[in-house]
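Chemist: Below is one structure. I have some questions about it.
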Amino acid sequence: RPNDLSFTADMFVHQYWFDERLNFPDESRESINIHGSYKDRIWIPDVYFKNGISGEITTNSFKTTYFELHNNKMVFMASR
């Protein structure tokens with residue numbers, strides 16, 4: 001369609017946030033990796049694309065690579 005100015009993109013998304021409710025299991029370590037299967041058990045901030053037609057960032061097709069939990073209660077999530 002020549003007049004369609006929309007596009008699709010595959011991208012890597014890195015998110016950082018703090019969650020004071022999390023308990024770090026071993027404070028002698030700076031961070032631990034958490035398996036992506038914990039995605040449903042950790043609060044994740046909503047992400048949206050301003051002026052986007054659709055943003056399927058929260059669907060099952062959006063694969064979480066991994067989580068890191070830091071001893072200062074910071075969470076890092078890398079997704080594709």
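Identifiers for the structure tokens are assigned positionally: chains receive A, B, ... in sequence, residues are indexed from 1 per chain, and ligands are indexed from 1 in the order shown.
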Set the distance at 10 Å and use only C-alpha atoms: which residues neighbour range 17-28 of chain A once local chain neighbours fewer than 4 positions away are removed? I'd like the list as a PDB file with N, CA and C atoms, in the first residue's frame.

Modeler:
```
ATOM      1  N   ILE A  32      21.553 -10.929  41.271  1.00  0.00           N
ATOM      2  CA  ILE A  32      21.310 -12.311  40.861  1.00  0.00           C
ATOM      3  C   ILE A  32      20.483 -12.287  39.584  1.00  0.00           C
ATOM      4  N   ILE A  42       6.620 -11.067  39.120  1.00  0.00           N
ATOM      5  CA  ILE A  42       7.279  -9.798  39.412  1.00  0.00           C
ATOM      6  C   ILE A  42       6.471  -8.682  38.769  1.00  0.00           C
ATOM      7  N   TRP A  43       6.298  -7.588  39.504  1.00  0.00           N
ATOM      8  CA  TRP A  43       5.610  -6.439  38.930  1.00  0.00           C
ATOM      9  C   TRP A  43       6.484  -5.846  37.836  1.00  0.00           C
ATOM     10  N   ILE A  44       5.871  -5.583  36.676  1.00  0.00           N
ATOM     11  CA  ILE A  44       6.574  -5.004  35.531  1.00  0.00           C
ATOM     12  C   ILE A  44       5.821  -3.740  35.125  1.00  0.00           C
ATOM     13  N   PRO A  45       6.529  -2.620  34.989  1.00  0.00           N
ATOM     14  CA  PRO A  45       5.843  -1.386  34.595  1.00  0.00           C
ATOM     15  C   PRO A  45       5.233  -1.490  33.205  1.00  0.00           C
ATOM     16  N   LEU A  69      18.049  -9.041  39.573  1.00  0.00           N
ATOM     17  CA  LEU A  69      17.598  -8.394  40.796  1.00  0.00           C
ATOM     18  C   LEU A  69      18.840  -7.931  41.543  1.00  0.00           C
ATOM     19  N   HIS A  70      18.918  -6.641  41.833  1.00  0.00           N
ATOM     20  CA  HIS A  70      20.076  -6.070  42.523  1.00  0.00           C
ATOM     21  C   HIS A  70      19.753  -5.876  43.998  1.00  0.00           C
ATOM     22  N   ASN A  71      20.804  -5.893  44.829  1.00  0.00           N
ATOM     23  CA  ASN A  71      20.574  -5.814  46.275  1.00  0.00           C
ATOM     24  C   ASN A  71      20.044  -4.456  46.732  1.00  0.00           C
ATOM     25  N   ASN A  72      20.031  -3.446  45.857  1.00  0.00           N
ATOM     26  CA  ASN A  72      19.412  -2.155  46.186  1.00  0.00           C
ATOM     27  C   ASN A  72      17.950  -2.094  45.723  1.00  0.00           C
ATOM     28  N   LYS A  73      17.377  -3.272  45.393  1.00  0.00           N
ATOM     29  CA  LYS A  73      15.978  -3.444  44.978  1.00  0.00           C
ATOM     30  C   LYS A  73      15.699  -2.965  43.559  1.00  0.00           C
ATOM     31  N   MET A  74      16.759  -2.775  42.780  1.00  0.00           N
ATOM     32  CA  MET A  74      16.583  -2.417  41.375  1.00  0.00           C
ATOM     33  C   MET A  74      16.394  -3.697  40.564  1.00  0.00           C
ATOM     34  N   VAL A  75      15.467  -3.650  39.628  1.00  0.00           N
ATOM     35  CA  VAL A  75      15.210  -4.767  38.724  1.00  0.00           C
ATOM     36  C   VAL A  75      15.636  -4.337  37.326  1.00  0.00           C
ATOM     37  N   PHE A  76      16.315  -5.232  36.639  1.00  0.00           N
ATOM     38  CA  PHE A  76      16.686  -5.003  35.241  1.00  0.00           C
ATOM     39  C   PHE A  76      16.044  -6.106  34.426  1.00  0.00           C
ATOM     40  N   MET A  77      15.347  -5.732  33.363  1.00  0.00           N
ATOM     41  CA  MET A  77      14.724  -6.713  32.482  1.00  0.00           C
ATOM     42  C   MET A  77      15.187  -6.442  31.058  1.00  0.00           C
TER      43      MET A  77
END
```

Chemist: What's around Phe7 in chain A at 10 Å? Count only C-alpha atoms, leave out sequence neighbours fewer than 2 positions away in its own chain, and write the answer as JSON, numbers by chain.

Modeler: {"A": [4, 5, 9, 52, 53]}

Chemist: Would you save the residues of that selection, restricted to N, CA and C atoms, as a PDB file, in the first residue's frame?

Modeler:
```pdb
ATOM      1  N   ASP A   4       0.475   3.868   2.995  1.00  0.00           N
ATOM      2  CA  ASP A   4       0.588   3.364   4.364  1.00  0.00           C
ATOM      3  C   ASP A   4       1.965   3.733   4.920  1.00  0.00           C
ATOM      4  N   LEU A   5       1.998   4.605   5.909  1.00  0.00           N
ATOM      5  CA  LEU A   5       3.259   5.059   6.490  1.00  0.00           C
ATOM      6  C   LEU A   5       3.603   4.332   7.783  1.00  0.00           C
ATOM      7  N   ALA A   9       8.692  -3.257  13.787  1.00  0.00           N
ATOM      8  CA  ALA A   9      10.096  -3.326  14.191  1.00  0.00           C
ATOM      9  C   ALA A   9      10.265  -4.392  15.262  1.00  0.00           C
ATOM     10  N   GLY A  52       1.760   5.316  18.761  1.00  0.00           N
ATOM     11  CA  GLY A  52       1.856   4.002  18.128  1.00  0.00           C
ATOM     12  C   GLY A  52       0.489   3.479  17.723  1.00  0.00           C
ATOM     13  N   ILE A  53       0.443   2.767  16.615  1.00  0.00           N
ATOM     14  CA  ILE A  53      -0.798   2.127  16.175  1.00  0.00           C
ATOM     15  C   ILE A  53      -1.078   0.933  17.070  1.00  0.00           C
TER      16      ILE A  53
END
```

Chemist: Find, counting only C-alpha atoms, the residue in A:Ala78, A:His14, A:Glu68, A:Phe49 that gets nearest to Ser31 in chain A.

Modeler: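 Among the listed residues, the smallest separation from Ser31 in chain A belongs to A:Glu68.
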
Chemist: Calculate how many Å separate CA of Val13 in chain A from CA of Arg29 in chain A, rounding to one decimal.

Modeler: 25.2 Å

Chemist: Write down as a PyMOL selection string the residues of chain A whose backbone DSSP state falls under strand (DSSP E or B).

Modeler: chain A and resi 13-18+31-34+64-70+74-79

Chemist: Might you pull out every residue within 9 Å of His35 in chain A, with only C-alpha atoms counted and same-chain residues fewer than 5 positions away left off, and present them as an NGL selection string?

Modeler: :A and (65-68)

Chemist: What would the file look like if the residues just selected were written as a short mmCIF file (atom, residue, chain, number, x, y, z; two decimals), in the first residue's frame with C-alpha atoms?

Modeler:
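What landed in selection.cif:
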```
data_model
loop_
_atom_site.label_atom_id
_atom_site.label_comp_id
_atom_site.auth_asym_id
_atom_site.auth_seq_id
_atom_site.Cartn_x
_atom_site.Cartn_y
_atom_site.Cartn_z
CA THR A 65 15.50 -12.75 27.90
CA TYR A 66 16.29 -12.39 31.58
CA PHE A 67 15.88 -10.46 34.79
CA GLU A 68 18.49 -9.23 37.22
#
```
